[in-house]
file start_1.csv (CSV, C-alpha atoms)
chain,number,residue,atom,x,y,z
V,517,MET,CA,37.3,63.1,-132.5
V,518,GLU,CA,37.9,64.9,-129.3
V,519,LYS,CA,39.4,68.4,-128.9
V,520,PRO,CA,39.8,69.0,-125.1
V,521,ALA,CA,40.6,72.6,-124.1
V,522,PHE,CA,44.1,73.3,-122.8
V,523,THR,CA,43.0,75.4,-119.8
V,524,GLU,CA,45.1,77.7,-117.7
V,525,HIS,CA,43.2,76.7,-114.6
V,526,GLU,CA,41.7,73.3,-113.6
V,527,ILE,CA,38.0,73.0,-114.6
V,528,LEU,CA,35.4,70.2,-114.8
V,529,ASP,CA,36.5,67.7,-117.4
V,530,LEU,CA,33.1,67.8,-119.2
V,531,LEU,CA,33.7,71.6,-119.7
V,532,ARG,CA,37.1,70.9,-121.1
V,533,ARG,CA,35.7,68.4,-123.6
V,534,ARG,CA,32.8,70.6,-124.8
V,535,TRP,CA,33.2,71.8,-128.3
V,536,SER,CA,31.0,72.2,-131.4
V,537,PRO,CA,31.9,69.6,-134.0
V,538,ARG,CA,30.6,69.8,-137.6
V,539,ALA,CA,31.3,66.1,-138.4
V,540,PHE,CA,28.7,63.8,-136.9
V,541,SER,CA,28.3,60.0,-136.9
V,542,ASP,CA,25.0,58.7,-138.1
V,543,ARG,CA,24.7,56.6,-134.9
V,544,PRO,CA,21.3,57.3,-133.3
V,545,ILE,CA,21.1,58.8,-129.9
V,546,PRO,CA,19.2,56.5,-127.6
V,547,GLU,CA,15.9,57.9,-126.3
V,548,PRO,CA,17.0,57.6,-122.6
V,549,VAL,CA,20.1,59.7,-123.4
V,550,LEU,CA,17.9,62.4,-125.1
V,551,SER,CA,15.5,62.3,-122.1
V,552,ARG,CA,18.4,62.9,-119.7
V,553,MET,CA,19.7,65.8,-121.8
V,554,PHE,CA,16.3,67.5,-121.7
V,555,GLU,CA,15.9,66.8,-118.0
V,556,ALA,CA,19.1,68.7,-117.5
V,557,ALA,CA,17.7,71.6,-119.5
V,558,ARG,CA,14.6,71.4,-117.4
V,559,TRP,CA,16.5,72.2,-114.2
V,560,ALA,CA,18.4,75.2,-115.5
V,561,ALA,CA,18.1,78.5,-113.5
V,562,SER,CA,15.8,81.2,-114.9
V,563,SER,CA,14.5,84.6,-113.9
V,564,TYR,CA,11.4,84.3,-111.7
V,565,ASN,CA,11.6,80.5,-112.4
V,566,GLU,CA,9.8,81.3,-115.7
V,567,GLN,CA,11.6,78.5,-117.6
V,568,PRO,CA,11.1,80.3,-120.9
V,569,TRP,CA,12.6,77.5,-123.0
V,570,THR,CA,10.9,75.2,-125.5
V,571,TYR,CA,12.6,72.9,-128.0
V,572,VAL,CA,11.3,71.7,-131.3
V,573,LEU,CA,12.9,68.3,-131.9
V,574,GLY,CA,13.6,66.2,-135.0
V,575,VAL,CA,15.0,62.7,-134.6
V,576,LYS,CA,16.1,61.4,-138.1
V,577,ALA,CA,15.6,57.7,-137.4
V,578,GLU,CA,12.1,58.2,-135.9
V,579,ASP,CA,10.6,60.9,-138.0
V,580,PRO,CA,12.6,61.9,-141.1
V,581,ALA,CA,9.9,64.4,-142.2
V,582,GLU,CA,10.1,66.3,-139.0
V,583,PHE,CA,13.9,66.2,-139.1
V,584,ASP,CA,13.8,67.6,-142.7
V,585,ARG,CA,11.5,70.4,-141.7
V,586,ILE,CA,14.0,71.6,-139.1
V,587,ALA,CA,16.9,71.1,-141.6
V,588,SER,CA,15.0,73.3,-144.1
V,589,THR,CA,15.4,76.3,-141.8
V,590,LEU,CA,19.2,76.0,-141.9
V,591,TYR,CA,21.2,78.5,-143.9
V,592,PRO,CA,23.4,76.8,-146.6
V,593,PRO,CA,26.7,77.1,-144.8
V,594,ASN,CA,25.2,74.9,-142.1
V,595,ALA,CA,24.3,72.1,-144.5
V,596,TRP,CA,26.8,69.8,-142.6
V,597,ALA,CA,24.3,69.7,-139.7
V,598,LYS,CA,22.0,67.4,-141.7
V,599,ALA,CA,24.4,64.5,-141.1
V,600,ALA,CA,23.6,64.7,-137.3
V,601,PRO,CA,21.0,62.2,-136.1
V,602,VAL,CA,19.1,64.8,-134.2
V,603,LEU,CA,18.3,68.5,-135.0
V,604,ALA,CA,16.4,70.9,-132.7
V,605,ILE,CA,15.4,74.5,-132.5
V,606,SER,CA,15.5,76.3,-129.1
V,607,VAL,CA,12.7,78.8,-128.6
V,608,ALA,CA,12.3,81.6,-126.0
V,609,LYS,CA,9.1,82.9,-124.5
V,610,TRP,CA,9.9,86.6,-124.3
V,611,LYS,CA,7.0,87.7,-122.0
V,612,PHE,CA,6.6,86.7,-118.3
V,613,SER,CA,3.6,84.5,-117.5
V,614,HIS,CA,2.7,86.3,-114.3
V,615,ASP,CA,2.2,89.7,-115.7
V,616,GLY,CA,2.9,89.7,-119.5
V,617,SER,CA,5.8,92.1,-119.2
V,618,PRO,CA,8.9,91.7,-121.4
V,619,ASN,CA,11.4,89.1,-120.1
V,620,ARG,CA,14.7,90.6,-121.2
V,621,LEU,CA,16.5,87.6,-119.8
V,622,ALA,CA,14.6,85.0,-121.9
V,623,PHE,CA,17.4,84.4,-124.4
V,624,HIS,CA,19.9,84.2,-121.5
V,625,ASP,CA,17.8,81.6,-119.7
V,626,VAL,CA,17.3,79.5,-122.9
V,627,GLY,CA,21.1,79.6,-123.3
V,628,ALA,CA,21.5,78.3,-119.7
V,629,ALA,CA,19.1,75.5,-120.4
V,630,SER,CA,20.9,74.6,-123.6
V,631,ALA,CA,24.3,74.7,-121.8
V,632,ASN,CA,22.9,72.2,-119.2
V,633,LEU,CA,21.6,70.0,-122.0
V,634,THR,CA,25.0,70.1,-123.8
V,635,ILE,CA,27.1,69.2,-120.7
V,636,GLU,CA,24.7,66.4,-119.8
V,637,GLY,CA,25.0,65.0,-123.3
V,638,LEU,CA,28.8,64.9,-123.0
V,639,LYS,CA,28.5,62.4,-120.1
V,640,GLU,CA,27.4,60.0,-122.8
V,641,ASP,CA,29.7,61.3,-125.6
V,642,VAL,CA,26.9,63.2,-127.3
V,643,PHE,CA,28.0,66.6,-128.7
V,644,VAL,CA,25.8,69.6,-129.4
V,645,HIS,CA,26.6,72.3,-132.0
V,646,GLN,CA,24.4,75.4,-131.6
V,647,MET,CA,23.9,77.6,-134.6
V,648,GLY,CA,22.6,81.1,-135.3
V,649,GLY,CA,22.7,80.3,-139.0
V,650,PHE,CA,19.1,79.4,-139.6
V,651,ASP,CA,15.9,81.3,-140.5
V,652,PRO,CA,13.9,82.0,-137.3
V,653,LYS,CA,10.9,83.4,-139.3
V,654,LYS,CA,10.7,80.3,-141.4
V,655,ALA,CA,10.9,78.2,-138.2
V,656,LYS,CA,8.1,80.3,-136.7
V,657,GLU,CA,5.9,79.7,-139.8
V,658,ILE,CA,6.7,75.9,-140.2
V,659,PHE,CA,6.2,75.0,-136.6
V,660,GLY,CA,3.4,77.4,-135.7
V,661,ILE,CA,5.5,79.1,-132.9
V,662,PRO,CA,3.2,81.6,-131.1
V,663,ASP,CA,3.6,85.4,-131.3
V,664,ASP,CA,5.1,85.8,-127.9
V,665,TYR,CA,7.8,83.2,-128.6
V,666,GLU,CA,10.9,83.5,-130.7
V,667,ALA,CA,13.2,80.9,-132.2
V,668,VAL,CA,16.7,81.3,-130.7
V,669,ALA,CA,19.1,78.8,-132.2
V,670,ALA,CA,19.3,75.6,-134.3
V,671,MET,CA,21.1,72.7,-132.7
V,672,ALA,CA,22.8,69.6,-134.2
V,673,MET,CA,23.2,66.7,-131.7
V,674,GLY,CA,25.1,63.5,-132.1
V,675,TYR,CA,28.2,61.5,-131.7
V,676,ALA,CA,31.4,63.0,-133.2
V,677,GLY,CA,32.2,61.8,-136.7
V,678,ASN,CA,35.1,61.7,-139.0
V,679,PRO,CA,36.3,65.2,-140.0
V,680,ASP,CA,37.4,63.9,-143.3
V,681,SER,CA,33.8,63.6,-144.3
V,682,LEU,CA,33.5,67.4,-144.4
V,683,PRO,CA,34.3,69.7,-147.3
V,684,GLU,CA,38.0,70.8,-147.3
V,685,ALA,CA,37.4,74.3,-145.8
V,686,LEU,CA,35.3,72.9,-143.0
V,687,LYS,CA,37.7,70.0,-142.4
V,688,GLU,CA,40.5,72.5,-141.7
V,689,ARG,CA,38.4,74.4,-139.2
V,690,GLU,CA,37.4,71.1,-137.6
V,691,LYS,CA,41.0,70.1,-137.0
V,692,ALA,CA,42.3,73.6,-136.1
V,693,PRO,CA,43.4,74.2,-132.5
V,694,ARG,CA,40.8,75.7,-130.1
V,695,THR,CA,41.5,79.2,-128.9
V,696,ARG,CA,39.9,81.5,-126.3
V,697,LYS,CA,40.4,85.0,-124.9
V,698,LYS,CA,42.5,85.4,-121.7
V,699,ILE,CA,40.5,85.8,-118.5
V,700,GLU,CA,41.8,89.3,-118.1
V,701,GLU,CA,40.2,90.3,-121.4
V,702,PHE,CA,36.7,89.7,-120.2
V,703,VAL,CA,36.7,89.9,-116.3
V,704,TYR,CA,37.1,93.4,-114.9
V,705,ARG,CA,37.3,94.7,-111.3
V,706,GLY,CA,36.3,98.2,-110.1
V,707,LYS,CA,35.6,99.7,-113.5
V,708,TRP,CA,35.4,98.7,-117.2
V,709,GLY,CA,38.8,97.7,-118.3
V,710,GLY,CA,40.1,97.6,-114.7
V,711,GLY,CA,42.3,94.9,-113.2
V,712,ALA,CA,41.0,91.3,-113.3
V,713,ILE,CA,41.7,87.9,-112.0
V,714,GLY,CA,44.2,85.9,-114.0

call {"tool": "encode", "arguments": {"input": "start_1.csv", "output": "structure tokens"}}
result
Amino acid sequence: MEKPAFTEHEILDLLRRRWSPRAFSDRPIPEPVLSRMFEAARWAASSYNEQPWTYVLGVKAEDPAEFDRIASTLYPPNAWAKAAPVLAISVAKWKFSHDGSPNRLAFHDVGAASANLTIEGLKEDVFVHQMGGFDPKKAKEIFGIPDDYEAVAAMAMGYAGNPDSLPEALKEREKAPRTRKKIEEFVYRGKWGGGAIG
């Protein structure tokens, strides 16, 4: 299933195609595709080139136990994600390596890396759904995440599946049209709430 955005301005097609499905096929993601996705994450921009991202990865076909450990951190409303062939947790190092000071941009930079990963995956029809609905403390305990790191988001990765496989409420959300704010609602000039591009 595809849900390309109906944009007001022409943008890169991969960005138009990006969305977060809940229905996933059980088709495995080939290792070279995963490698390219994480290579794209590797080359994201970051403050001081800190590269504060780490990913805990669970590939269902290769290591079901590791996959299940990640799945165990998901909150019940995100149980649909267990159908994806790959689960991951993004992790941020929130202190700079060069002086140990707090890196207030760590989550921003992890998000940039995950965005790169997502767009690279779309080249091969692999979709990524990032989720805040997981237990970061449980993830920290299960995976031995160090004290100066924090779990950011859970991620389901895979090929889009049949929305009819979802429970009724989720099926409706899956098929619903995509919406976004107008540019003038979030781009200001001169002062907060000032005129914007359109």

call {"tool": "atom_distance", "arguments": {"input": "start_1.csv", "atom1": "CA of Glu640 (chain V)", "atom2": "CA of Pro548 (chain V)"}}
result
10.7 Å

call {"tool": "residues_around", "arguments": {"input": "start_1.csv", "residues": "Asp680 (chain V)", "least_positions_apart": "2", "cutoff": "12 Å", "atoms": "all atoms listed in the file", "output": "ChimeraX atom specification"}}
result
/V:517,538-541,676-678,682-691

call {"tool": "closest_residue", "arguments": {"input": "start_1.csv", "among": "V:Glu518, V:Glu524, V:Glu701, V:Asp651", "to": "Pro592 (chain V)", "atoms": "only C-alpha atoms"}}
result
V:Asp651

call {"tool": "closest_residue", "arguments": {"input": "start_1.csv", "among": "V:Ile658, V:Ala560, V:Ile586, V:Val642", "to": "Leu530 (chain V)", "atoms": "all atoms listed in the file"}}
result
V:Val642

call {"tool": "residues_around", "arguments": {"input": "start_1.csv", "residues": "Trp559 (chain V)", "least_positions_apart": "3", "cutoff": "12 Å", "atoms": "all atoms listed in the file", "output": "list in words"}}
result
Arg552, Met553, Phe554, Glu555, Ala556, Ser562, Asn565, Glu566, Gln567, Pro568, Trp569, Asp625, Val626, Ala628, Ala629, Ser630, Ala631, Asn632, Leu633 and Glu636 of chain V

call {"tool": "atom_distance", "arguments": {"input": "start_1.csv", "atom1": "CA of Glu666 (chain V)", "atom2": "CA of Ile545 (chain V)"}}
result
26.7 Å

call {"tool": "closest_residue", "arguments": {"input": "start_1.csv", "among": "V:Phe522, V:Tyr564, V:Phe643, V:Phe702", "to": "Met671 (chain V)", "atoms": "all atoms listed in the file"}}
result
V:Phe643

call {"tool": "closest_residue", "arguments": {"input": "start_1.csv", "among": "V:Ala595, V:Ala692, V:Met673, V:Ile699", "to": "Lys519 (chain V)", "atoms": "all atoms listed in the file"}}
result
V:Ala692

call {"tool": "atom_distance", "arguments": {"input": "start_1.csv", "atom1": "CA of Thr589 (chain V)", "atom2": "CA of Lys609 (chain V)"}}
result
19.6 Å

call {"tool": "closest_residue", "arguments": {"input": "start_1.csv", "among": "V:Gly627, V:Lys598, V:Val644, V:Val703", "to": "Asp542 (chain V)", "atoms": "only C-alpha atoms"}}
result
V:Lys598

call {"tool": "axis_aligned_box", "arguments": {"input": "start_1.csv", "around": "region 578-587 of chain V", "padding_each_side": "8 Å", "output": "JSON"}}
result
{"center_x": 13.4, "center_y": 64.9, "center_z": -139.3, "size_x": 23.0, "size_y": 29.4, "size_z": 22.8}

call {"tool": "closest_residue", "arguments": {"input": "start_1.csv", "among": "V:Leu638, V:Leu590, V:Leu621, V:Ala597", "to": "Arg533 (chain V)", "atoms": "only C-alpha atoms"}}
result
V:Leu638

call {"tool": "residues_around", "arguments": {"input": "start_1.csv", "residues": "Lys576 (chain V)", "least_positions_apart": "3", "cutoff": "9 Å", "atoms": "only C-alpha atoms", "output": "ChimeraX atom specification"}}
result
/V:544,579-584,600-603

call {"tool": "decode", "arguments": {"input": "start_1.csv", "residues": "region 526-545 of chain V", "atoms": "N, CA and C atoms", "output": "PDB file, in the first residue's frame"}}
result
ATOM      1  N   GLU V 526       6.409  21.162  -5.318  1.00  0.00           N
ATOM      2  CA  GLU V 526       7.098  19.953  -5.768  1.00  0.00           C
ATOM      3  C   GLU V 526       8.256  19.627  -4.831  1.00  0.00           C
ATOM      4  N   ILE V 527       8.316  18.387  -4.366  1.00  0.00           N
ATOM      5  CA  ILE V 527       9.404  17.928  -3.503  1.00  0.00           C
ATOM      6  C   ILE V 527       9.920  16.589  -4.019  1.00  0.00           C
ATOM      7  N   LEU V 528      11.013  16.130  -3.461  1.00  0.00           N
ATOM      8  CA  LEU V 528      11.608  14.854  -3.822  1.00  0.00           C
ATOM      9  C   LEU V 528      10.575  13.744  -3.669  1.00  0.00           C
ATOM     10  N   ASP V 529      10.490  12.868  -4.655  1.00  0.00           N
ATOM     11  CA  ASP V 529       9.462  11.831  -4.637  1.00  0.00           C
ATOM     12  C   ASP V 529       9.571  10.918  -3.419  1.00  0.00           C
ATOM     13  N   LEU V 530      10.786  10.605  -2.977  1.00  0.00           N
ATOM     14  CA  LEU V 530      10.942   9.752  -1.797  1.00  0.00           C
ATOM     15  C   LEU V 530      10.315  10.395  -0.566  1.00  0.00           C
ATOM     16  N   LEU V 531      10.375  11.727  -0.478  1.00  0.00           N
ATOM     17  CA  LEU V 531       9.738  12.427   0.649  1.00  0.00           C
ATOM     18  C   LEU V 531       8.217  12.368   0.532  1.00  0.00           C
ATOM     19  N   ARG V 532       7.707  12.447  -0.688  1.00  0.00           N
ATOM     20  CA  ARG V 532       6.254  12.324  -0.898  1.00  0.00           C
ATOM     21  C   ARG V 532       5.771  10.935  -0.491  1.00  0.00           C
ATOM     22  N   ARG V 533       6.578   9.915  -0.736  1.00  0.00           N
ATOM     23  CA  ARG V 533       6.174   8.531  -0.476  1.00  0.00           C
ATOM     24  C   ARG V 533       6.310   8.148   0.996  1.00  0.00           C
ATOM     25  N   ARG V 534       7.104   8.916   1.759  1.00  0.00           N
ATOM     26  CA  ARG V 534       7.356   8.534   3.146  1.00  0.00           C
ATOM     27  C   ARG V 534       6.104   8.647   3.986  1.00  0.00           C
ATOM     28  N   TRP V 535       5.735   7.565   4.616  1.00  0.00           N
ATOM     29  CA  TRP V 535       4.682   7.584   5.622  1.00  0.00           C
ATOM     30  C   TRP V 535       4.954   6.430   6.577  1.00  0.00           C
ATOM     31  N   SER V 536       4.172   6.308   7.613  1.00  0.00           N
ATOM     32  CA  SER V 536       4.431   5.339   8.673  1.00  0.00           C
ATOM     33  C   SER V 536       3.332   4.288   8.731  1.00  0.00           C
ATOM     34  N   PRO V 537       3.450   3.234   7.931  1.00  0.00           N
ATOM     35  CA  PRO V 537       2.401   2.204   7.948  1.00  0.00           C
ATOM     36  C   PRO V 537       2.417   1.395   9.243  1.00  0.00           C
ATOM     37  N   ARG V 538       1.290   0.791   9.525  1.00  0.00           N
ATOM     38  CA  ARG V 538       1.192  -0.142  10.653  1.00  0.00           C
ATOM     39  C   ARG V 538       1.075  -1.583  10.154  1.00  0.00           C
ATOM     40  N   ALA V 539       0.650  -1.744   8.913  1.00  0.00           N
ATOM     41  CA  ALA V 539       0.542  -3.080   8.321  1.00  0.00           C
ATOM     42  C   ALA V 539       1.838  -3.390   7.578  1.00  0.00           C
ATOM     43  N   PHE V 540       2.503  -4.448   8.003  1.00  0.00           N
ATOM     44  CA  PHE V 540       3.762  -4.848   7.381  1.00  0.00           C
ATOM     45  C   PHE V 540       3.665  -6.255   6.827  1.00  0.00           C
ATOM     46  N   SER V 541       4.335  -6.464   5.709  1.00  0.00           N
ATOM     47  CA  SER V 541       4.515  -7.799   5.154  1.00  0.00           C
ATOM     48  C   SER V 541       5.549  -8.534   6.005  1.00  0.00           C
ATOM     49  N   ASP V 542       5.500  -9.871   6.001  1.00  0.00           N
ATOM     50  CA  ASP V 542       6.524 -10.635   6.732  1.00  0.00           C
ATOM     51  C   ASP V 542       7.757 -10.895   5.866  1.00  0.00           C
ATOM     52  N   ARG V 543       7.798 -10.309   4.692  1.00  0.00           N
ATOM     53  CA  ARG V 543       8.962 -10.463   3.790  1.00  0.00           C
ATOM     54  C   ARG V 543      10.214  -9.911   4.459  1.00  0.00           C
ATOM     55  N   PRO V 544      11.280 -10.696   4.559  1.00  0.00           N
ATOM     56  CA  PRO V 544      12.502 -10.213   5.211  1.00  0.00           C
ATOM     57  C   PRO V 544      13.159  -9.076   4.428  1.00  0.00           C
ATOM     58  N   ILE V 545      13.841  -8.213   5.141  1.00  0.00           N
ATOM     59  CA  ILE V 545      14.638  -7.164   4.499  1.00  0.00           C
ATOM     60  C   ILE V 545      16.030  -7.745   4.249  1.00  0.00           C
TER      61      ILE V 545
END
